[in-house]
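Q: What follows is the file model.txt, containing compact mmCIF, C-alpha atoms:
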```txt
# COMPACT_ATOMS: atom_id res chain seq x y z
CA MET R 1 -7.53 -22.04 -19.45
CA ASP R 2 -10.45 -19.58 -19.58
CA GLU R 3 -10.82 -19.77 -15.81
CA CYS R 4 -7.25 -18.43 -15.46
CA ARG R 5 -7.42 -16.01 -18.38
CA ALA R 6 -7.36 -12.87 -16.21
CA LEU R 7 -4.07 -13.97 -14.64
CA ASN R 8 -2.58 -15.45 -17.82
CA ASP R 9 -3.29 -12.30 -19.83
CA LEU R 10 -1.53 -9.92 -17.46
CA GLU R 11 1.69 -8.42 -18.79
CA GLY R 12 5.01 -8.72 -16.93
CA ASP R 13 4.85 -6.05 -14.20
CA GLU R 14 1.08 -6.43 -13.74
CA ALA R 15 1.40 -10.21 -13.41
CA ARG R 16 4.27 -9.82 -10.94
CA ALA R 17 2.24 -7.34 -8.86
CA ALA R 18 -0.85 -9.57 -8.88
CA LEU R 19 1.08 -12.62 -7.71
CA THR R 20 2.99 -10.60 -5.11
CA ARG R 21 -0.38 -9.60 -3.63
CA CYS R 22 -0.98 -13.31 -3.07
CA CYS R 23 2.45 -14.21 -1.69
CA GLY R 24 5.33 -11.86 -0.91
CA SER R 25 8.16 -14.26 -1.74
CA ALA R 26 9.97 -12.94 -4.84
CA ARG R 27 11.27 -16.43 -5.65
CA TRP R 28 7.75 -17.89 -5.49
CA VAL R 29 6.47 -15.11 -7.75
CA ASP R 30 9.28 -15.73 -10.26
CA ARG R 31 8.53 -19.46 -10.34
CA MET R 32 4.83 -18.82 -10.79
CA LEU R 33 5.50 -16.38 -13.65
CA HIS R 34 7.61 -19.04 -15.41
CA GLU R 35 4.80 -21.58 -14.93
CA ARG R 36 2.30 -19.53 -16.95
CA PRO R 37 0.06 -20.00 -18.74
CA PHE R 38 -2.05 -21.88 -16.24
CA GLN R 39 -4.25 -24.46 -17.93
CA SER R 40 -6.82 -24.58 -15.13
CA ARG R 41 -7.51 -23.58 -11.56
CA ALA R 42 -6.20 -26.99 -10.51
CA HIS R 43 -2.93 -26.33 -12.35
CA LEU R 44 -2.63 -22.88 -10.73
CA PHE R 45 -3.23 -24.20 -7.22
CA GLU R 46 -0.95 -27.21 -7.70
CA ALA R 47 1.86 -24.99 -9.00
CA ALA R 48 1.37 -22.52 -6.15
CA SER R 49 1.68 -25.28 -3.56
CA ARG R 50 4.58 -27.04 -5.28
CA HIS R 51 6.62 -23.87 -5.65
CA TRP R 52 5.79 -22.66 -2.13
CA ASN R 53 6.86 -25.89 -0.50
CA ALA R 54 10.13 -25.98 -2.49
CA LEU R 55 11.32 -22.65 -1.06
CA ASP R 56 13.71 -22.12 1.83
CA VAL R 57 13.38 -20.35 5.18
CA ALA R 58 14.57 -16.98 3.82
CA ASP R 59 11.90 -17.09 1.11
CA TRP R 60 9.21 -17.99 3.64
CA ASP R 61 10.31 -15.20 5.97
CA GLU R 62 10.19 -12.78 3.04
CA ALA R 63 6.58 -13.80 2.37
CA PHE R 64 5.64 -13.54 6.05
CA SER R 65 7.08 -10.02 6.22
CA HIS R 66 4.48 -8.83 3.70
CA HIS R 67 1.69 -9.37 6.22
CA PRO R 68 0.46 -7.00 8.91
CA ARG R 69 0.41 -8.19 12.48
CA ILE R 70 -2.89 -9.73 13.51
CA GLY R 71 -4.98 -6.88 14.81
CA GLU R 72 -2.95 -4.24 12.92
CA PRO R 73 -4.26 -4.33 9.33
CA SER R 74 -3.27 -0.70 8.72
CA ALA R 75 0.35 -1.88 8.55
CA ALA R 76 -0.36 -3.82 5.33
CA SER R 77 1.04 -2.61 2.06
CA ARG R 78 -1.43 -0.60 0.03
CA SER R 79 -1.76 -3.40 -2.53
CA THR R 80 -2.96 -5.88 0.10
CA ALA R 81 -4.51 -3.57 2.72
CA ALA R 82 -8.12 -4.26 1.67
CA TRP R 83 -7.58 -8.02 1.58
CA ALA R 84 -5.81 -7.99 4.96
CA ALA R 85 -8.55 -5.88 6.53
CA ASN R 86 -11.19 -8.29 5.27
CA GLU R 87 -9.19 -11.34 6.35
CA GLN R 88 -8.72 -9.90 9.84
CA ALA R 89 -12.24 -8.55 10.27
CA GLY R 90 -12.84 -10.88 13.22
CA ALA R 91 -9.90 -9.44 15.12
CA ALA R 92 -10.94 -5.89 14.29
CA ARG R 93 -14.41 -6.48 15.76
CA SER R 94 -13.04 -7.90 19.02
CA ALA R 95 -13.35 -6.32 22.43
CA ASP R 96 -10.53 -4.05 23.57
CA ASP R 97 -9.16 -6.64 25.99
CA VAL R 98 -8.95 -9.27 23.25
CA ARG R 99 -7.18 -6.87 20.88
CA ALA R 100 -4.75 -5.93 23.66
CA ALA R 101 -4.06 -9.61 24.41
CA ILE R 102 -3.44 -10.27 20.70
CA ALA R 103 -1.00 -7.34 20.57
CA GLU R 104 0.80 -8.70 23.64
CA GLY R 105 0.82 -12.19 22.10
CA ASN R 106 2.23 -10.79 18.85
CA ARG R 107 5.15 -9.29 20.79
CA ALA R 108 5.77 -12.55 22.67
CA TYR R 109 5.61 -14.55 19.44
CA GLU R 110 8.08 -12.27 17.66
CA ALA R 111 10.44 -12.37 20.65
CA LYS R 112 10.36 -16.18 20.72
CA PHE R 113 10.38 -17.00 17.00
CA GLY R 114 11.91 -13.92 15.39
CA ARG R 115 9.11 -13.49 12.88
CA ILE R 116 5.55 -12.25 12.67
CA TYR R 117 2.73 -14.47 13.93
CA LEU R 118 1.06 -15.63 10.74
CA VAL R 119 -2.32 -17.29 10.68
CA CYS R 120 -5.03 -17.64 8.07
CA ALA R 121 -7.44 -15.33 9.86
CA THR R 122 -10.31 -15.49 7.37
CA GLY R 123 -13.56 -16.35 9.15
CA LYS R 124 -12.03 -16.44 12.62
CA THR R 125 -13.05 -14.30 15.57
CA GLY R 126 -10.56 -12.37 17.65
CA GLU R 127 -11.03 -14.86 20.45
CA GLU R 128 -10.21 -17.75 18.10
CA LEU R 129 -7.13 -15.96 16.78
CA LEU R 130 -5.95 -15.30 20.33
CA ALA R 131 -6.44 -18.95 21.33
CA ILE R 132 -4.49 -20.11 18.27
CA LEU R 133 -1.71 -17.64 19.05
CA ARG R 134 -1.44 -18.77 22.65
CA ALA R 135 -1.36 -22.44 21.64
CA ARG R 136 1.30 -21.83 19.01
CA LEU R 137 3.54 -20.09 21.54
CA ASP R 138 4.06 -23.56 23.05
CA ASN R 139 5.58 -24.89 19.79
CA ASP R 140 9.29 -25.39 19.27
CA ALA R 141 10.86 -23.30 16.49
CA GLU R 142 10.87 -26.05 13.84
CA THR R 143 7.26 -27.05 14.46
CA GLU R 144 6.15 -23.44 14.46
CA LEU R 145 7.90 -22.71 11.18
CA ARG R 146 6.06 -25.61 9.52
CA VAL R 147 2.74 -24.34 10.93
CA ALA R 148 3.42 -20.81 9.64
CA VAL R 149 4.39 -22.19 6.22
CA GLY R 150 1.06 -24.03 6.10
CA GLU R 151 -0.84 -20.92 7.13
CA GLN R 152 0.82 -18.86 4.38
CA GLU R 153 -0.10 -21.55 1.87
CA LYS R 154 -3.76 -21.24 2.93
CA ILE R 155 -3.62 -17.45 2.63
CA THR R 156 -2.01 -17.68 -0.80
CA ARG R 157 -4.72 -20.05 -2.02
CA LEU R 158 -7.47 -17.73 -0.78
CA ARG R 159 -5.83 -14.75 -2.46
CA LEU R 160 -5.36 -16.63 -5.73
CA GLU R 161 -9.08 -17.40 -5.58
CA LYS R 162 -9.71 -13.65 -5.22
CA LEU R 163 -7.55 -12.95 -8.26
CA LEU R 164 -9.64 -15.35 -10.32
CA SER R 165 -12.95 -13.93 -9.09
CA PRO R 166 -14.65 -11.28 -11.20
```
What would you get if you wrote out this structure as structure tokens?
A:
Amino acid sequence: MDECRALNDLEGDEARAALTRCCGSARWVDRMLHERPFQSRAHLFEAASRHWNALDVADWDEAFSHHPRIGEPSAASRSTAAWAANEQAGAARSADDVRAAIAEGNRAYEAKFGRIYLVCATGKTGEELLAILRARLDNDAETELRVAVGEQEKITRLRLEKLLSP
């Protein structure tokens, strides 16, 4: 329980804000708040995954909408801007032509799927992010939704780890 103390000890609005920084689905945040106190990191991560995967498409889309487009970290909310900038550092360091191709791919993705292109960008270069984007444009809508759900789950886990870090 000590390893989750910082999260367990937060009061209502602070706890809600901290969890919302990790995942923008209000229903997921509510379920996580009801799950507290977390007995261990394993309990926290298991609960996060269980509650995330029990949500519906509207909840997932709500969470996705809290992310900036790849290559546009300035669009992030103030509470997650630093995390998003760090997560997308590879895209930010890319050559102009790669950033332009990502922006074009973002538009094509949104036109096809009706939602933001979401990928766990941590540790990936702009070229890698562009290749992933282009490959995912070939998915059908159902397959792509499942991929995006998995990517959000990865992002949430990384952000929960950040919450627990001193």
Q: With a distance cut-off of 7 Å and only C-alpha atoms, select the neighbouring residues of region 143-159 of chain R, excluding the residue or stretch itself and same-chain residues fewer than 4 positions from it, and output the selection as a PyMOL selection string.
A: chain R and resi 22-23+45+49+60+118-120+136+139+163
Q: List as a list in words: which residues have an atom within 10 Å of (-7.6, -12.1, -16.1), counting all atoms listed in the file?
A: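 Selection result: Asp2, Glu3, Cys4, Arg5, Ala6, Leu7, Asn8, Asp9, Leu10, Ala15, Leu163, Leu164, Ser165 and Pro166 of chain R.
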Q: Considering only C-alpha atoms, state which residue in the set R:Glu128, R:Asp61, R:Asp140, R:Glu14 is at the smallest distance from Ser94 (chain R).
A: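 Ranking R:Glu128, R:Asp61, R:Asp140, R:Glu14 by distance to Ser94 (chain R), first place goes to R:Glu128.
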Q: At what distance in Å, to one decimal, does CA of His43 (chain R) lie from CA of Arg27 (chain R)?
A: 18.6 Å
Q: For Ala48 (chain R), which residue out of R:Ala100, R:Ala131, R:Ile70, R:Leu19 is the nearest one, using all atoms listed in the file?
A: R:Leu19
Q: Select, from R:Arg50, R:Arg115, R:Lys162, R:Arg21, the residue with the minimum atom-to-atom distance to Glu35 (chain R), counting only C-alpha atoms.
A: R:Arg50
Q: Could you please determine the separation between CA of Ala95 (chain R) and CA of Ala135 (chain R) in Å, to one decimal place?
A: 20.1 Å
Q: For a test of reading the model, state the distance in Å between CA of Lys124 (chain R) and CA of Gly71 (chain R), rounded to one decimal.
A: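 Rounded to one decimal, the two atoms are 12.1 Å apart.
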Q: Which residues are close to His51 (chain R), i.e. within 8 Å by all atoms listed in the file, leaving aside same-chain residues fewer than 3 positions away? Reply as a PyMOL selection string.
A: chain R and resi 28+31-32+47-48+54-55
Q: What does the file look like for those residues with C-alpha atoms, as a short mmCIF file (atom, residue, chain, number, x, y, z; two decimals), in the frame of the given file?
A:
```
data_model
loop_
_atom_site.label_atom_id
_atom_site.label_comp_id
_atom_site.auth_asym_id
_atom_site.auth_seq_id
_atom_site.Cartn_x
_atom_site.Cartn_y
_atom_site.Cartn_z
CA TRP R 28 7.75 -17.89 -5.49
CA ARG R 31 8.53 -19.46 -10.34
CA MET R 32 4.83 -18.82 -10.79
CA ALA R 47 1.86 -24.99 -9.00
CA ALA R 48 1.37 -22.52 -6.15
CA ALA R 54 10.13 -25.98 -2.49
CA LEU R 55 11.32 -22.65 -1.06
#
```
Q: Excluding same-chain residues fewer than 6 positions from Tyr109 (chain R), what lies within 10 Å of it counting all atoms listed in the file, as a PDB file with C-alpha atoms, in the coordinates of the input?
A:
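Output saved as selection-v1.pdb:
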```
ATOM      1  CA  ALA R 103      -1.000  -7.340  20.570  1.00  0.00           C
ATOM      2  CA  ARG R 115       9.110 -13.490  12.880  1.00  0.00           C
ATOM      3  CA  ILE R 116       5.550 -12.250  12.670  1.00  0.00           C
ATOM      4  CA  TYR R 117       2.730 -14.470  13.930  1.00  0.00           C
ATOM      5  CA  LEU R 118       1.060 -15.630  10.740  1.00  0.00           C
ATOM      6  CA  LEU R 133      -1.710 -17.640  19.050  1.00  0.00           C
ATOM      7  CA  ARG R 134      -1.440 -18.770  22.650  1.00  0.00           C
ATOM      8  CA  ARG R 136       1.300 -21.830  19.010  1.00  0.00           C
ATOM      9  CA  LEU R 137       3.540 -20.090  21.540  1.00  0.00           C
ATOM     10  CA  ASP R 138       4.060 -23.560  23.050  1.00  0.00           C
TER      11      ASP R 138
END
```
Q: Just checking: using all atoms listed in the file, which residue out of R:Gly24, R:Arg69, R:Asn106, R:Asp13 ends up closest to Ala121 (chain R)?
A: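 Looking only at the distances to Ala121 (chain R), the closest residue turns out to be R:Arg69.
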Q: Smallest atom-to-atom distance to Val98 (chain R): which of R:Asp56, R:Gly114, R:Ala141, R:Leu130, using all atoms listed in the file?
A: R:Leu130
Q: Centre and edge lengths, as AutoDock Vina command-line options, for the axis-aligned box enclosing every listed atom of region 131-143 of chain R with 8 Å of padding on each of the six sides, in Å to one decimal?
A:
```
--center_x 2.2 --center_y -22.3 --center_z 18.4 --size_x 33.3 --size_y 25.4 --size_z 25.2
```
Q: For region 15-34 of chain R, where the input has fewer atoms than it should, I would like N, CA, C and O atoms rebuilt and written as a compact mmCIF listing (two decimals), in the coordinates of the input.
A:
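Here's the written file result21.txt:
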```txt
# COMPACT_ATOMS: atom_id res chain seq x y z
N ALA R 15 1.46 -8.83 -13.88
CA ALA R 15 1.40 -10.21 -13.41
C ALA R 15 2.22 -10.36 -12.13
O ALA R 15 1.79 -11.00 -11.17
N ARG R 16 3.41 -9.77 -12.13
CA ARG R 16 4.27 -9.82 -10.94
C ARG R 16 3.55 -9.19 -9.74
O ARG R 16 3.53 -9.75 -8.64
N ALA R 17 2.94 -8.03 -9.94
CA ALA R 17 2.24 -7.34 -8.86
C ALA R 17 1.06 -8.17 -8.36
O ALA R 17 0.83 -8.27 -7.14
N ALA R 18 0.31 -8.77 -9.27
CA ALA R 18 -0.85 -9.57 -8.88
C ALA R 18 -0.42 -10.77 -8.04
O ALA R 18 -1.03 -11.06 -7.00
N LEU R 19 0.62 -11.46 -8.46
CA LEU R 19 1.08 -12.62 -7.71
C LEU R 19 1.72 -12.22 -6.38
O LEU R 19 1.56 -12.93 -5.38
N THR R 20 2.39 -11.08 -6.36
CA THR R 20 2.99 -10.60 -5.11
C THR R 20 1.91 -10.27 -4.09
O THR R 20 2.13 -10.43 -2.88
N ARG R 21 0.74 -9.84 -4.55
CA ARG R 21 -0.38 -9.60 -3.63
C ARG R 21 -0.81 -10.89 -2.94
O ARG R 21 -1.33 -10.88 -1.83
N CYS R 22 -0.59 -12.01 -3.62
CA CYS R 22 -0.98 -13.31 -3.07
C CYS R 22 0.07 -13.90 -2.15
O CYS R 22 -0.25 -14.57 -1.18
N CYS R 23 1.35 -13.66 -2.48
CA CYS R 23 2.45 -14.21 -1.69
C CYS R 23 3.66 -13.31 -1.91
O CYS R 23 4.07 -13.09 -3.05
N GLY R 24 4.25 -12.83 -0.84
CA GLY R 24 5.33 -11.86 -0.91
C GLY R 24 6.72 -12.42 -1.15
O GLY R 24 7.69 -11.67 -1.08
N SER R 25 6.85 -13.69 -1.44
CA SER R 25 8.16 -14.26 -1.74
C SER R 25 8.50 -14.00 -3.21
O SER R 25 7.81 -14.49 -4.11
N ALA R 26 9.56 -13.25 -3.46
CA ALA R 26 9.97 -12.94 -4.84
C ALA R 26 10.30 -14.22 -5.61
O ALA R 26 9.97 -14.33 -6.79
N ARG R 27 10.94 -15.18 -4.97
CA ARG R 27 11.27 -16.43 -5.65
C ARG R 27 10.01 -17.20 -6.04
O ARG R 27 9.92 -17.75 -7.13
N TRP R 28 9.01 -17.22 -5.15
CA TRP R 28 7.75 -17.89 -5.49
C TRP R 28 7.10 -17.19 -6.67
O TRP R 28 6.64 -17.85 -7.60
N VAL R 29 7.07 -15.88 -6.66
CA VAL R 29 6.47 -15.11 -7.75
C VAL R 29 7.20 -15.43 -9.06
O VAL R 29 6.55 -15.69 -10.08
N ASP R 30 8.52 -15.42 -9.05
CA ASP R 30 9.28 -15.73 -10.26
C ASP R 30 8.93 -17.11 -10.80
O ASP R 30 8.73 -17.29 -12.00
N ARG R 31 8.86 -18.08 -9.92
CA ARG R 31 8.53 -19.46 -10.34
C ARG R 31 7.12 -19.54 -10.91
O ARG R 31 6.88 -20.25 -11.88
N MET R 32 6.21 -18.81 -10.29
CA MET R 32 4.83 -18.82 -10.79
C MET R 32 4.75 -18.13 -12.17
O MET R 32 4.01 -18.58 -13.05
N LEU R 33 5.50 -17.06 -12.36
CA LEU R 33 5.50 -16.38 -13.65
C LEU R 33 6.03 -17.30 -14.75
O LEU R 33 5.50 -17.32 -15.87
N HIS R 34 7.05 -18.09 -14.43
CA HIS R 34 7.61 -19.04 -15.41
C HIS R 34 6.66 -20.20 -15.69
O HIS R 34 6.76 -20.83 -16.75
```
